[in-house]
Amino acid sequence: MQQWRITEGICTTQGAEGYPTYGVAVTLPDGGEWAWADVDIDRSIVRQLVCRLQAAQPRRCHFEELVLDFIEEMAGKV
């Protein structure tokens, strides 16, 4: 079973340097890892994504697409 979690980092994008940013990472059943470091600056928003991914247990080929779709979805709510 995949184990999704929130990651923490510091933004390095010009104009936003030093701000905390949150991403997602997953440990796969075979021990492999996959991560997307910069999903949002709001931990509670990234928690929503982690919950969705944990429940869905998507195939690895869909990880990037699902994260990008989520980022677009959240951008539309602004």
# chains A, B, ... in the order shown; residues from 1 in each chain; ligands from 1
call {"tool": "residues_around", "arguments": {"residues": "Glu73 in chain A", "least_positions_apart": "3", "cutoff": "12 Å", "atoms": "only C-alpha atoms", "output": "ChimeraX atom specification"}}
result
/A:39-40,45,48-49,66-70,76-78
call {"tool": "residues_around", "arguments": {"residues": "Val24 in chain A", "least_positions_apart": "4", "cutoff": "10 Å", "atoms": "only C-alpha atoms", "output": "PyMOL selection string"}}
result
chain A and resi 4-8+34-40+46-47+49-50+53+67
call {"tool": "select_by_dssp", "arguments": {"residues": "chain A", "states": "strand (DSSP E or B)", "output": "list in words"}}
result
Gln3, Trp4, Arg5, Ile6, Thr7, Glu8, Gly9, Ile10, Pro20, Thr21, Tyr22, Gly23, Val24, Ala25, Val26, Thr27, Glu33, Trp34, Ala35, Trp36, Ala37, Asp38, Val39 and Asp40 of chain A
call {"tool": "select_by_dssp", "arguments": {"residues": "chain A", "states": "helix (DSSP H, G or I)", "output": "ChimeraX atom specification"}}
result
/A:43-56,60-76
call {"tool": "residues_around", "arguments": {"residues": "Gly18 in chain A", "least_positions_apart": "5", "cutoff": "12 Å", "atoms": "only C-alpha atoms", "output": "ChimeraX atom specification"}}
result
/A:9-13,41
call {"tool": "closest_residue", "arguments": {"among": "A:Ala16, A:Ala75, A:Cys51, A:Leu28", "to": "Gln3 in chain A", "atoms": "only C-alpha atoms"}}
result
A:Leu28
